[in-house]
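S.K.: Input structure: structure-v9.cif, which contains mmCIF, C-alpha atoms.
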```cif
data_model
loop_
_atom_site.label_atom_id
_atom_site.label_comp_id
_atom_site.auth_asym_id
_atom_site.auth_seq_id
_atom_site.Cartn_x
_atom_site.Cartn_y
_atom_site.Cartn_z
CA SER A 12 -21.24 -92.63 44.39
CA ARG A 13 -20.31 -90.25 41.60
CA ALA A 14 -21.02 -86.54 41.94
CA SER A 15 -24.15 -85.24 40.21
CA MET A 16 -22.98 -81.65 39.66
CA PRO A 17 -19.70 -79.73 39.20
CA LEU A 18 -17.57 -79.18 42.32
CA GLU A 19 -19.67 -81.50 44.43
CA ARG A 20 -16.49 -83.52 44.96
CA VAL A 21 -12.91 -82.69 43.91
CA PHE A 22 -9.99 -85.11 43.85
CA SER A 23 -6.49 -83.80 44.52
CA ASP A 24 -2.96 -85.17 44.44
CA VAL A 25 0.64 -83.94 44.41
CA CYS A 26 3.12 -85.44 41.97
CA GLY A 27 6.88 -85.03 42.30
CA PRO A 28 9.61 -84.20 42.81
CA LYS A 29 10.52 -84.30 39.14
CA GLU A 30 14.05 -85.31 38.18
CA THR A 31 14.30 -82.29 35.87
CA GLU A 32 13.43 -78.78 37.02
CA SER A 33 11.18 -76.67 34.84
CA LEU A 34 12.56 -73.44 33.42
CA GLY A 35 11.15 -71.69 36.48
CA GLY A 36 12.80 -74.11 38.90
CA CYS A 37 9.64 -76.07 39.86
CA ARG A 38 9.54 -79.81 40.55
CA TYR A 39 5.99 -80.50 41.83
CA VAL A 40 2.56 -80.49 40.24
CA VAL A 41 -0.71 -80.24 42.20
CA SER A 42 -3.91 -81.45 40.56
CA PHE A 43 -7.58 -80.77 41.24
CA VAL A 44 -9.99 -82.96 39.25
CA ASP A 45 -13.75 -82.42 39.34
CA ASP A 46 -15.54 -85.71 39.96
CA PHE A 47 -18.64 -84.87 37.90
CA SER A 48 -17.04 -83.57 34.69
CA ARG A 49 -13.42 -84.75 35.04
CA PHE A 50 -12.40 -81.15 34.34
CA ALA A 51 -8.90 -80.70 35.76
CA VAL A 52 -6.72 -77.83 36.90
CA LEU A 53 -2.97 -78.13 37.49
CA TYR A 54 -0.61 -75.96 39.51
CA VAL A 55 3.17 -76.18 39.30
CA VAL A 56 5.07 -75.37 42.49
CA LYS A 57 8.49 -75.50 44.06
CA LYS A 58 7.44 -76.86 47.48
CA LYS A 59 4.68 -79.19 48.64
CA SER A 60 3.93 -76.85 51.51
CA GLU A 61 2.26 -74.50 49.02
CA THR A 62 -0.56 -76.95 48.30
CA LEU A 63 -2.95 -74.92 50.47
CA ASP A 64 -2.19 -71.81 48.41
CA CYS A 65 -3.06 -73.82 45.29
CA PHE A 66 -6.36 -74.97 46.78
CA GLN A 67 -7.27 -71.43 47.78
CA SER A 68 -6.51 -70.22 44.25
CA PHE A 69 -8.59 -73.04 42.79
CA LEU A 70 -11.62 -72.12 44.91
CA ALA A 71 -11.23 -68.41 44.13
CA ASP A 72 -11.17 -69.08 40.38
CA TYR A 73 -13.73 -71.86 40.04
CA GLY A 74 -16.04 -71.71 43.05
CA SER A 75 -16.48 -73.51 46.36
CA ALA A 76 -16.22 -77.29 46.53
CA GLY A 77 -18.46 -79.49 48.65
CA LYS A 78 -15.95 -82.30 49.26
CA LEU A 79 -12.23 -82.74 48.76
CA ARG A 80 -10.61 -86.15 48.56
CA SER A 81 -6.86 -86.62 48.95
CA ASP A 82 -4.30 -88.97 50.43
CA ASN A 83 -2.76 -88.52 53.86
CA GLY A 84 0.22 -86.45 52.76
CA GLY A 85 1.47 -83.87 55.22
CA GLU A 86 0.46 -81.01 52.94
CA TYR A 87 -3.18 -82.14 53.24
CA THR A 88 -3.21 -83.12 56.92
CA SER A 89 -1.56 -79.94 58.20
CA LYS A 90 -3.36 -77.84 60.78
CA ASP A 91 -3.67 -74.89 58.38
CA PHE A 92 -5.23 -77.02 55.66
CA ARG A 93 -7.72 -78.63 58.05
CA SER A 94 -8.68 -75.26 59.54
CA PHE A 95 -9.24 -73.77 56.10
CA CYS A 96 -11.55 -76.61 55.06
CA VAL A 97 -13.57 -76.26 58.25
CA SER A 98 -13.87 -72.49 57.79
CA ARG A 99 -15.17 -72.96 54.23
CA GLY A 100 -17.51 -75.83 55.09
CA ILE A 101 -15.61 -78.30 52.91
CA LYS A 102 -15.72 -81.96 53.92
CA HIS A 103 -12.22 -83.38 53.58
CA GLU A 104 -12.17 -87.09 52.72
CA PHE A 105 -8.92 -89.03 53.20
CA THR A 106 -7.90 -92.32 51.63
CA VAL A 107 -6.89 -95.31 53.70
CA PRO A 108 -3.06 -95.42 54.02
CA ASP A 109 -1.38 -97.41 51.23
CA THR A 110 -4.63 -97.46 49.24
CA PRO A 111 -4.14 -95.04 46.33
CA GLN A 112 -7.08 -96.68 44.52
CA GLN A 113 -9.43 -94.62 46.69
CA ASN A 114 -7.98 -91.51 45.05
CA GLY A 115 -7.89 -93.19 41.67
CA VAL A 116 -9.37 -90.28 39.71
CA ALA A 117 -6.42 -88.02 40.53
CA GLU A 118 -3.90 -90.87 40.23
CA ARG A 119 -5.13 -91.94 36.79
CA TYR A 120 -5.28 -88.35 35.62
CA PHE A 121 -1.58 -87.88 36.27
CA ARG A 122 -0.85 -91.08 34.38
CA THR A 123 -2.91 -89.87 31.40
CA VAL A 124 -1.38 -86.41 31.11
CA THR A 125 2.09 -87.90 31.62
CA LYS A 126 1.69 -90.11 28.59
CA MET A 127 0.31 -87.21 26.56
CA ALA A 128 3.14 -84.90 27.65
CA ARG A 129 5.77 -87.51 26.83
CA CYS A 130 4.35 -87.89 23.31
CA LEU A 131 4.29 -84.12 22.82
CA LEU A 132 7.93 -83.76 23.82
CA PHE A 133 9.18 -86.68 21.73
CA GLU A 134 7.21 -85.62 18.67
CA SER A 135 8.39 -82.00 18.91
CA GLY A 136 12.00 -82.81 19.81
CA LEU A 137 11.96 -80.20 22.58
CA PRO A 138 14.29 -80.56 25.61
CA SER A 139 13.04 -82.21 28.80
CA ALA A 140 13.28 -78.90 30.69
CA LEU A 141 10.04 -77.97 28.92
CA TRP A 142 8.08 -80.81 30.58
CA LEU A 143 5.93 -78.22 32.35
CA ARG A 144 4.72 -76.72 29.09
CA ALA A 145 3.99 -80.19 27.71
CA VAL A 146 1.98 -81.12 30.82
CA ASP A 147 0.14 -77.81 30.63
CA THR A 148 -0.78 -78.43 26.99
CA ALA A 149 -1.82 -82.00 27.77
CA CYS A 150 -4.18 -80.70 30.47
CA PHE A 151 -5.58 -78.10 28.04
CA LEU A 152 -6.24 -80.75 25.41
CA ARG A 153 -7.61 -83.29 27.87
CA ASN A 154 -10.21 -80.81 29.12
CA ARG A 155 -11.38 -80.44 25.52
CA SER A 156 -11.46 -84.13 24.61
CA VAL A 157 -14.36 -86.54 25.11
CA SER A 158 -13.71 -88.70 28.16
CA SER A 159 -14.45 -92.41 28.24
CA SER A 160 -15.50 -92.04 31.88
CA ARG A 161 -18.52 -90.01 30.78
CA GLN A 162 -20.79 -91.80 28.29
CA CYS A 163 -22.50 -88.62 27.14
CA GLY A 164 -20.36 -87.47 24.21
CA LYS A 165 -19.39 -84.25 25.97
CA THR A 166 -15.96 -82.96 26.97
CA PRO A 167 -14.96 -82.14 30.57
CA HIS A 168 -14.88 -78.43 29.66
CA GLU A 169 -18.45 -78.57 28.32
CA LEU A 170 -19.73 -80.50 31.33
CA PHE A 171 -18.05 -78.16 33.80
CA TYR A 172 -19.08 -74.85 32.21
CA GLY A 173 -22.34 -76.00 30.63
CA ARG A 174 -21.49 -74.60 27.20
CA LEU A 175 -19.62 -75.53 24.06
CA HIS A 176 -16.03 -74.39 23.69
CA SER A 177 -14.09 -73.17 20.68
CA LEU A 178 -11.19 -75.14 19.19
CA GLU A 179 -9.94 -72.30 17.01
CA ARG A 180 -6.91 -71.73 19.22
CA LEU A 181 -5.54 -75.25 18.89
CA LYS A 182 -2.10 -75.44 17.30
CA VAL A 183 0.47 -78.20 16.83
CA PHE A 184 2.74 -78.35 19.87
CA GLY A 185 6.34 -77.59 18.92
CA CYS A 186 5.60 -75.98 15.56
CA ALA A 187 7.39 -72.85 14.35
CA ALA A 188 5.85 -69.60 15.59
CA PHE A 189 6.57 -66.18 14.07
CA VAL A 190 5.83 -63.42 16.58
CA PHE A 191 5.12 -59.92 15.30
CA VAL A 192 7.64 -57.33 16.53
CA LYS A 193 6.06 -53.95 17.21
CA PRO A 194 7.53 -50.95 15.32
CA GLN A 195 8.85 -49.33 18.48
CA PHE A 196 11.07 -52.36 19.10
CA ARG A 197 12.69 -52.57 15.65
CA GLN A 198 14.28 -50.43 12.98
CA LYS A 199 12.82 -49.97 9.51
CA LEU A 200 14.97 -52.63 7.84
CA ASP A 201 14.70 -55.18 10.66
CA SER A 202 12.55 -58.26 10.40
CA LYS A 203 8.94 -57.73 11.38
CA ALA A 204 8.73 -61.13 13.08
CA GLU A 205 10.84 -63.17 15.47
CA LYS A 206 10.93 -66.94 15.12
CA GLY A 207 10.30 -69.21 18.09
CA VAL A 208 8.57 -72.47 19.00
CA PHE A 209 4.94 -72.82 20.09
CA VAL A 210 4.78 -74.46 23.53
CA GLY A 211 1.27 -73.85 24.83
CA TYR A 212 -1.56 -71.55 25.80
CA ASP A 213 -1.58 -68.83 28.43
CA SER A 214 -4.12 -69.65 31.15
CA ALA A 215 -4.78 -66.03 32.10
CA SER A 216 -5.30 -64.52 28.63
CA PRO A 217 -5.98 -65.47 24.98
CA ALA A 218 -2.23 -65.35 24.29
CA TYR A 219 0.01 -68.14 23.05
CA LEU A 220 3.28 -69.19 24.71
CA VAL A 221 6.35 -69.05 22.45
CA TYR A 222 9.74 -70.49 23.41
CA TYR A 223 13.00 -68.97 22.16
CA PRO A 224 15.74 -71.65 22.29
CA GLU A 225 18.63 -69.20 21.98
CA SER A 226 17.66 -67.22 25.08
CA GLY A 227 15.82 -70.05 26.87
CA LYS A 228 12.87 -67.75 27.57
CA ILE A 229 9.13 -68.08 27.02
CA GLN A 230 7.05 -65.13 25.85
CA ARG A 231 3.31 -64.53 25.82
CA ALA A 232 2.23 -63.35 22.38
CA ARG A 233 -1.05 -62.76 20.58
CA SER A 234 0.01 -61.67 17.08
CA VAL A 235 1.54 -64.94 15.89
CA ILE A 236 1.70 -66.82 12.59
CA PHE A 237 2.22 -70.58 12.86
CA ASP A 238 3.87 -73.03 10.49
CA GLU A 239 2.33 -76.37 11.45
CA SER A 240 3.45 -78.22 8.33
CA SER A 241 6.68 -79.71 9.65
CA VAL A 242 7.18 -79.69 13.40
CA SER A 243 10.55 -81.46 13.54
CA GLN A 244 12.15 -79.29 10.84
CA SER A 245 10.73 -76.15 12.39
CA VAL A 246 12.10 -77.02 15.80
CA ALA A 247 15.51 -78.02 14.46
CA SER A 248 15.86 -74.81 12.48
CA ALA A 249 15.00 -72.82 15.59
CA GLY A 250 18.05 -74.22 17.32
CA VAL A 251 16.48 -76.71 19.71
CA LEU A 252 18.81 -79.33 21.16
CA ASP A 253 19.13 -82.49 19.08
CA THR A 254 19.52 -84.68 22.14
CA PHE A 255 16.25 -85.18 23.97
CA GLY A 256 17.53 -86.43 27.29
CA GLU A 257 15.52 -88.32 29.87
CA PHE A 258 11.95 -87.18 30.42
CA PRO A 259 11.18 -86.87 34.14
CA SER A 260 9.01 -89.62 35.55
CA PHE A 261 5.44 -88.45 36.06
CA GLU A 262 3.92 -91.74 37.05
CA PRO A 263 1.78 -91.48 40.19
CA THR A 264 3.25 -93.15 43.24
CA GLY A 265 0.38 -92.99 45.70
CA GLU A 266 1.16 -91.88 49.24
CA SER A 267 4.82 -91.21 48.48
CA CYS A 268 3.76 -88.40 46.13
CA ALA A 269 2.36 -86.36 48.99
CA GLU A 270 4.48 -86.16 52.11
CA SER A 271 4.12 -82.93 53.54
CA CYS A 272 3.56 -75.70 46.36
CA GLU A 273 5.17 -70.71 44.08
CA PRO A 274 1.39 -71.45 43.46
CA LEU A 275 2.17 -70.88 39.82
CA PRO A 276 -0.86 -72.10 37.87
CA VAL A 277 -0.45 -74.29 34.87
CA SER A 278 -4.11 -74.12 33.98
CA ALA A 279 -5.28 -72.17 36.98
CA SER A 280 -7.51 -69.49 35.53
CA PRO A 281 -11.08 -69.89 34.34
CA GLU A 282 -11.05 -71.01 30.73
CA SER A 283 -11.96 -68.33 28.20
CA ASP A 284 -12.43 -69.42 24.62
#
```
As structure tokens, how would this structure be written, given the file I've shared?
M.R.:
Amino acid sequence: SRASMPLERVFSDVCGPKETESLGGCRYVVSFVDDFSRFAVLYVVKKKSETLDCFQSFLADYGSAGKLRSDNGGEYTSKDFRSFCVSRGIKHEFTVPDTPQQNGVAERYFRTVTKMARCLLFESGLPSALWLRAVDTACFLRNRSVSSSRQCGKTPHELFYGRLHSLERLKVFGCAAFVFVKPQFRQKLDSKAEKGVFVGYDSASPAYLVYYPESGKIQRARSVIFDESSVSQSVASAGVLDTFGEFPSFEPTGESCAESCEPLPVSASPESD
């Protein structure tokens, strides 16, 4: 039966390895999806063995879970993971081998954010190495969109936190972003803004994430002016590669996704609007 309150049951899955590394060298994504609200949190990691670290971070940020459901991957069946669940009083439910349908909430969630991320990358013209930022943004948007699985007209974010959320921060993924340069970092005749590309929202602060194609770096910035009128032209003028390349497969593959994660959160901090 479906959970009747947030964190009563949490579904989890590991997806990867991705064919293309993120800018930080990560290839795996760990998901935690609340059964009641469908509110989801993603962590991007380099190794599956860090899944326990991700789960510990999730509980520290969002509260204790009553039940956890996952497949029989080695990262979930390890002695350390089992001992941690017992110590926290968390009932760990496992799926029957070769039956990913029993963990369908997490499996379908990966499929949904994959399709969203693919659309974001194609529409923006950004290189496939930025798949992590596209997945992060897809998760952010999904948490703030009405879900068909809940016939109540409320978003996962609203159901999980019990309050309405603001949409003032939403910007067009891949649009031109002009970041204010503080006086101490420029001379009097230098430009007061540096042009980049908007690639998402910082999970730990109200800042935006801006990508600079020339240096290949991503910066957190708060004082930003966006030009959302023409995404493709904005990206092209910023020097983004014309060739898109192959987007890494993000389709869930059941048990094979979880054999045995830098717990670097994608959307790992409590949401603050």
S.K.: Once the PyMOL selection byres ((chain A and resi 148) around 12) has been evaluated on this model, what residues remain selected, and can you format them as a PyMOL selection string?
M.R.: chain A and resi 52-53+124-125+127-132+141-147+149-155+180-185+209-214+219-220+277-278
S.K.: For atom CA of Asp24 of chain A and atom CA of Cys96 of chain A, determine how far apart the two atoms are, in Å to one decimal place.
M.R.: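 According to the coordinates, atom CA of Asp24 of chain A and atom CA of Cys96 of chain A are separated by 16.1 Å.
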S.K.: Can you measure atom CA of Glu30 of chain A to atom CA of Glu61 of chain A for me? One decimal in Å is fine.
M.R.: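 Straight-line distance from atom CA of Glu30 of chain A to atom CA of Glu61 of chain A works out to 19.3 Å.
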S.K.: Taking the file as shown, what set of residues would the PyMOL selection byres ((chain A and resi 233-235) around 7) give back, as a ChimeraX atom specification?
M.R.: /A:188-191,218-219,232,236-237
S.K.: Restricting the calculation to only C-alpha atoms: of A:Pro28, A:Pro194, A:Pro224, A:Gly35, which residue gets closest to Pro138 of chain A?
M.R.: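 Nearest candidate to Pro138 of chain A out of A:Pro28, A:Pro194, A:Pro224, A:Gly35: A:Pro224.
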S.K.: List the spatial neighbours of Arg174 of chain A as a PyMOL selection string - criterion: any atom at most 10 Å away, only C-alpha atoms, same-chain residues fewer than 5 positions off excluded.
M.R.: chain A and resi 165+168-169
S.K.: Evaluate the PyMOL selection byres ((chain A and resi 18) around 6) against this structure - the residues, as JSON, numbers by chain, please.
M.R.: {"A": [17, 19, 20, 45, 76]}
S.K.: Separation of atom CA of Ser158 of chain A and atom CA of Phe133 of chain A, in Å?
M.R.: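 Atom CA of Phe133 of chain A lies at a distance of 23.9 Å from atom CA of Ser158 of chain A.
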S.K.: Determine the nearest neighbour of Met16 of chain A from the options A:Lys203, A:Arg49, A:Arg122, A:Lys228, counting all atoms listed in the file.
M.R.: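 Among the listed residues, A:Arg49 lies closest to Met16 of chain A.
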S.K.: Quick one: residues within 7 Å of Ser48 of chain A, only C-alpha atoms, excluding same-chain residues fewer than 5 positions away - as a PyMOL selection string?
M.R.: chain A and resi 17+167+170-171
S.K.: How would the residues just chosen look if you wrote them out with C-alpha atoms as a short mmCIF file (atom, residue, chain, number, x, y, z; two decimals), keeping the file's coordinate frame?
M.R.:
```cif
data_model
loop_
_atom_site.label_atom_id
_atom_site.label_comp_id
_atom_site.auth_asym_id
_atom_site.auth_seq_id
_atom_site.Cartn_x
_atom_site.Cartn_y
_atom_site.Cartn_z
CA PRO A 17 -19.70 -79.73 39.20
CA PRO A 167 -14.96 -82.14 30.57
CA LEU A 170 -19.73 -80.50 31.33
CA PHE A 171 -18.05 -78.16 33.80
#
```
S.K.: Can you tell me, as a short mmCIF file (atom, residue, chain, number, x, y, z; two decimals) with C-alpha atoms, keeping the file's coordinate frame, what residues are no more than 7 Å from Asn83 of chain A when counting only C-alpha atoms, ignoring any on the same chain fewer than 2 positions away?
M.R.:
```cif
data_model
loop_
_atom_site.label_atom_id
_atom_site.label_comp_id
_atom_site.auth_asym_id
_atom_site.auth_seq_id
_atom_site.Cartn_x
_atom_site.Cartn_y
_atom_site.Cartn_z
CA SER A 81 -6.86 -86.62 48.95
CA GLY A 85 1.47 -83.87 55.22
CA TYR A 87 -3.18 -82.14 53.24
CA THR A 88 -3.21 -83.12 56.92
CA PHE A 105 -8.92 -89.03 53.20
CA THR A 106 -7.90 -92.32 51.63
CA PRO A 108 -3.06 -95.42 54.02
CA GLU A 266 1.16 -91.88 49.24
#
```
